[in-house]
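The block underneath contains the structure these notes are about, expressed in structure tokens.
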Amino acid sequence: MHPLNKLSAFALILIIIAKNGYAQTLNDIQQKFNDYNQSTLQEKQFVHTDKSTYLAGEVLWFKIYNISEAQNKLVDASKVAYVEVLDKNNGPVLQSKIELKNGMGTGSFYIPVTEASGNYKLRCYTNWMRNFDQEKYFEKNITIINSQKEITFQTRDAVATDYDVQFFPEGGNLVSGLNNKIAYRAVGTDGKGVDFAGAIINRTNDTVVRFKPHKFGIGTFNFKPDAANAYRAVLKINGKTITKQLPNIVTTGYAMQVGDAGSQLKVNVNATINTGSVYLVVHNRQTLTTAKAIDLANGEGSFLIDKNKLGQGVSHITVFNADKQPVCERLYFVRPTQKLNIDAAADKADYLPRKDVAVSLATKNTGSAEASNFSMAVYRADSLETTTPESIYTYIWLTSELRGNIESPEYYLNGNDDEAIDNLMLTHGWSKYNWTDVMQPKPAVFKYMPEFDGHIITGKITDPRTNAAVQNNEVVMGVPGKRVQVYNSISDADGNFFFNTRSFAGPNEIVVQPRLEQDTLLKTQIFNPFSEKYSAMRVPELTLSKNLYNALQLHNLGVQVQNIYTGEKLKQQYLPLMDTTSFFNGIQKEYLTDNYTRFTTMEEVLREYIHEVLVSKPNGNFRFRVVNEQYYMEKQPELIFDGVPIYNSNTIIAADPLKVRKIEVVPYEYHKGKTAEYGIISFSTYKGDMGGVEINPHALVIDYEGLQLNRDFFSPVYETEKQLASTLPDFRTVLYWAPNIYTDANGKASANFYTSDQPGKYIGVVQGISSAGKAGMQIFNFEVKAPVNP
């Protein structure tokens, strides 16, 4: 063979080997990405609150939409959501566990009259979400004003203002000697962007580049740094000069720049190394949309991405080096077209007090009607309520995908300012994935379990003598009361245990103890069910203008009147509809003690007419065995007294039988998860108060809140002349709250309520999502006018 032919053949072999290497690496990245996502359902919540500003003594109403990140549809996965109101130091003020059904949940908070005035953060998440970045929790700012305490009114000019200025290199790194696109963002203490003039100054005080924000204090400039030099940013904001340092300049690394190329995106990659393979991966809503590979030449290379292959919303563009390590990442946004268009209107523009308001609702999407679920709030639009509510549509497609507070998110989706939205991607972007977790060879192990059936109570058992975890030990939890709730668990290698509760609601006392018949010093503890990780989102300081004084006075009067006349209705809560039977219901033999001779000792009761129980007293201690028509069990059955497991038979014998209303016996082997009971004997007193029976002194006894109890929104009705003539004042500013409105087969729904005695302009906010995952918001207005005296 000719030498040139040999050389050509060798080059061809190298090309084939290189392409096979590309394919193998790309396939490995794609496979690990897909495997990770198949095992990690991603949830996100949108919380619709009735409004955003409250007075102490009011009720905050909310509706939770639990949404699949992959499809943007309601997802019936987690059955519990955790909702908190946090102060500016992330201290919990209000906390609750909300039951989720079919991907939705409703709840409320009564704001204590002792709560201080200030801005607060409302956040929501599921237990499963605690395995991931806390920045993914739903968060929104709310304002609480305590009009019963002294309020300091200020003018905006009198408030000392500070500014937060940050710089974000495109791709993540500021690399020496490479062209870098730098995004920046400047906001005031209120979280809103500010206008300014800025410049980058080098060590010799030369101006390298000047810049000015495009929108909301956000903009970009191009910059080629030199690690041998030193740079600072100088900004002039509202007459104040601010100096900030740029991000650290690295001497080796990669830089990326994304630009428009017609129907394609062009991704330029520059590196301080001359050669080597780089890989580009694009994903959108847990779906890989693009995967490509190139070799760098003289430290440069380019990828082209077909825009039609990008999913709607936020796409993550990530560049990997030859070692499959992510080296650059940025976001790109495609405006979504999947929107739920909602028609919402009151039947009149003006109303008198105490008149019926009829609201018609309809979806306007083309094609056949889609089944949709709405939540609707109607409240007085005074100067206290200045915040425009965020749409579930913008939250799903934009806000939930970004880090930090987004000023005026509706602007980006409703307009055509492409520069503004690309700047937003550069300043608020963040990696959705911890790529170390994604690329690891073994499946990820998650600490927090998904709550598919109900709230999970977790804890740990240790030996206090050594502080060592105790593994493979049975731990039991009982809930004292009339309903028998007993849960069992086996501790793992770290001593951790968990109880999968069922229909566990309201304030409770729980008793947690190791399953041992003899006394033990083993210690159990229960973990905090709420997340102790907090986002970087800042809560701005509350400033109240003197112009709000009159509105505050009027609102305060309304709250006081409501609490005086309807306060009990506002605070009243009740158990949700749920299964309240015992865990062994349906297989037990029941004995109502009032139907039998009332003996004075428990031993007599058990021996005389509880035929499924054998009582003996070997070695001076009582022992029970359960029998049925086929056999009897040698081992001790589980003994339960008013929902609390008792492991000392003598304690049961010493109980007063005259306080016992019912005895239930399960005369069969009963399996609960990994544990088995050799029969069950349950004693229930008339009052459900343990009837004087002492709980094991070594057991952990604590108060524990289950799922939130229900509370009904109170709205008076004025159908009759007598009701209209009622002298009871009606100073409601929130006229209506309906968390669940379902459309009919034609995509239509309606709602009715009555106006109050408060004249003024009112706003109605409707949020909703269809079964296909289309979301939207609509606002309607009307006015209540004071009656004209003849």
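Ordering of the structure tokens sets the chain letters (A, B, ...), residue numbers begin anew at 1 in every chain, and ligands are numbered from 1 in the order given.
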
Practice task
From the DSSP assignment of the backbone, select every residue of stretch 55-287 of chain A that is helix (DSSP H, G or I), and format the answer as a list in words.
Solution key: Trp128, Met129, Arg130, Asn131, Gln134, Glu135, Lys136, Arg156, Asp157 and Ala158 of chain A

Written selection (N, CA, C and O atoms) as a PDB file, in the first residue's frame:
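Once everything was written out, this is again-v4.pdb:
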```
ATOM      1  N   TRP A 128     -40.728  15.351  49.885  1.00  0.00           N
ATOM      2  CA  TRP A 128     -39.835  14.871  48.825  1.00  0.00           C
ATOM      3  C   TRP A 128     -38.935  15.996  48.301  1.00  0.00           C
ATOM      4  O   TRP A 128     -37.759  15.776  47.991  1.00  0.00           O
ATOM      5  N   MET A 129     -39.460  17.209  48.235  1.00  0.00           N
ATOM      6  CA  MET A 129     -38.684  18.333  47.721  1.00  0.00           C
ATOM      7  C   MET A 129     -37.519  18.701  48.629  1.00  0.00           C
ATOM      8  O   MET A 129     -36.589  19.390  48.200  1.00  0.00           O
ATOM      9  N   ARG A 130     -37.551  18.253  49.880  1.00  0.00           N
ATOM     10  CA  ARG A 130     -36.463  18.562  50.804  1.00  0.00           C
ATOM     11  C   ARG A 130     -35.157  17.883  50.401  1.00  0.00           C
ATOM     12  O   ARG A 130     -34.086  18.245  50.904  1.00  0.00           O
ATOM     13  N   ASN A 131     -35.210  16.919  49.480  1.00  0.00           N
ATOM     14  CA  ASN A 131     -33.995  16.271  48.990  1.00  0.00           C
ATOM     15  C   ASN A 131     -33.226  17.155  48.008  1.00  0.00           C
ATOM     16  O   ASN A 131     -32.082  16.844  47.673  1.00  0.00           O
ATOM     17  N   GLN A 134     -33.330  24.094  48.190  1.00  0.00           N
ATOM     18  CA  GLN A 134     -34.432  24.840  48.805  1.00  0.00           C
ATOM     19  C   GLN A 134     -34.872  26.032  47.956  1.00  0.00           C
ATOM     20  O   GLN A 134     -35.949  26.599  48.191  1.00  0.00           O
ATOM     21  N   GLU A 135     -34.071  26.411  46.978  1.00  0.00           N
ATOM     22  CA  GLU A 135     -34.480  27.491  46.081  1.00  0.00           C
ATOM     23  C   GLU A 135     -35.687  27.075  45.243  1.00  0.00           C
ATOM     24  O   GLU A 135     -36.347  27.915  44.632  1.00  0.00           O
ATOM     25  N   LYS A 136     -35.985  25.777  45.201  1.00  0.00           N
ATOM     26  CA  LYS A 136     -37.111  25.297  44.409  1.00  0.00           C
ATOM     27  C   LYS A 136     -38.429  25.365  45.178  1.00  0.00           C
ATOM     28  O   LYS A 136     -39.493  25.104  44.618  1.00  0.00           O
ATOM     29  N   ARG A 156     -40.949  57.716  51.835  1.00  0.00           N
ATOM     30  CA  ARG A 156     -39.933  56.919  51.138  1.00  0.00           C
ATOM     31  C   ARG A 156     -38.584  57.626  51.104  1.00  0.00           C
ATOM     32  O   ARG A 156     -37.535  57.004  51.199  1.00  0.00           O
ATOM     33  N   ASP A 157     -38.594  58.988  50.991  1.00  0.00           N
ATOM     34  CA  ASP A 157     -37.341  59.728  50.903  1.00  0.00           C
ATOM     35  C   ASP A 157     -36.554  59.662  52.205  1.00  0.00           C
ATOM     36  O   ASP A 157     -35.340  59.812  52.214  1.00  0.00           O
ATOM     37  N   ALA A 158     -37.258  59.427  53.321  1.00  0.00           N
ATOM     38  CA  ALA A 158     -36.584  59.428  54.609  1.00  0.00           C
ATOM     39  C   ALA A 158     -35.952  58.086  54.941  1.00  0.00           C
ATOM     40  O   ALA A 158     -35.221  57.966  55.898  1.00  0.00           O
TER      41      ALA A 158
END
```

Within 12 Å of stretch 396-416 of chain A, which residues of stretch 533-553 of chain A come that close, and what is the closest atom pair and distance in Å for each? Count only C-alpha atoms and give it as a tab-separated table.
```
residue	atom	partner	partner_atom	distance
A:Tyr534	CA	A:Gly404	CA	11.9
A:Ser535	CA	A:Gly404	CA	8.2
A:Ala536	CA	A:Gly404	CA	6.9
A:Met537	CA	A:Gly404	CA	5.4
A:Arg538	CA	A:Asn405	CA	8.2
A:Val539	CA	A:Asn405	CA	9.7
A:Pro540	CA	A:Asn405	CA	11.0
```

Taking C-alpha atoms for each residue, export the selection above as a compact mmCIF listing (two decimals), in the first residue's frame.
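Wrote part00.txt, looks like this:
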```txt
# COMPACT_ATOMS: atom_id res chain seq x y z
CA TYR A 534 -33.77 28.48 53.64
CA SER A 535 -33.46 30.23 50.31
CA ALA A 536 -31.41 33.33 49.67
CA MET A 537 -34.56 35.35 48.95
CA ARG A 538 -34.54 38.46 51.11
CA VAL A 539 -37.61 39.94 52.73
CA PRO A 540 -37.57 43.74 52.32
```

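Of the listed residues (A:Tyr754, A:Tyr82, A:Phe683, A:Phe216), A:Tyr82 comes nearest to A:Gly706; the distances count only C-alpha atoms.
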
Practice task
Compare A:Glu170, A:Gly367, A:Tyr254, A:Lys442 by their minimum atom-to-atom distance to A:Tyr36, counting only C-alpha atoms, and give me the closest one.
Solution key: A:Lys442

Practice task
Can you pull out every residue within 9 Å of A:Leu548, counting only C-alpha atoms, but drop anything in the same chain fewer than 6 positions away, and send it as a PyMOL selection string?
Solution key: chain A and resi 153+383-384

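Our summary of the geometry notes that atom CA of A:Leu304 is positioned 17.0 Å from atom CA of A:Asn284.
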
Practice task
Name the closest residue to A:Val476 among the candidates A:Met633, A:Ala116, A:Ile640, A:Ala371; distances are taken between atoms, counting only C-alpha atoms.
Solution key: A:Ile640

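Using only C-alpha atoms, the shortest contact distance between A:Asp164 and any of A:Arg607, A:Arg335, A:Lys192, A:Lys761 is found at A:Lys192.
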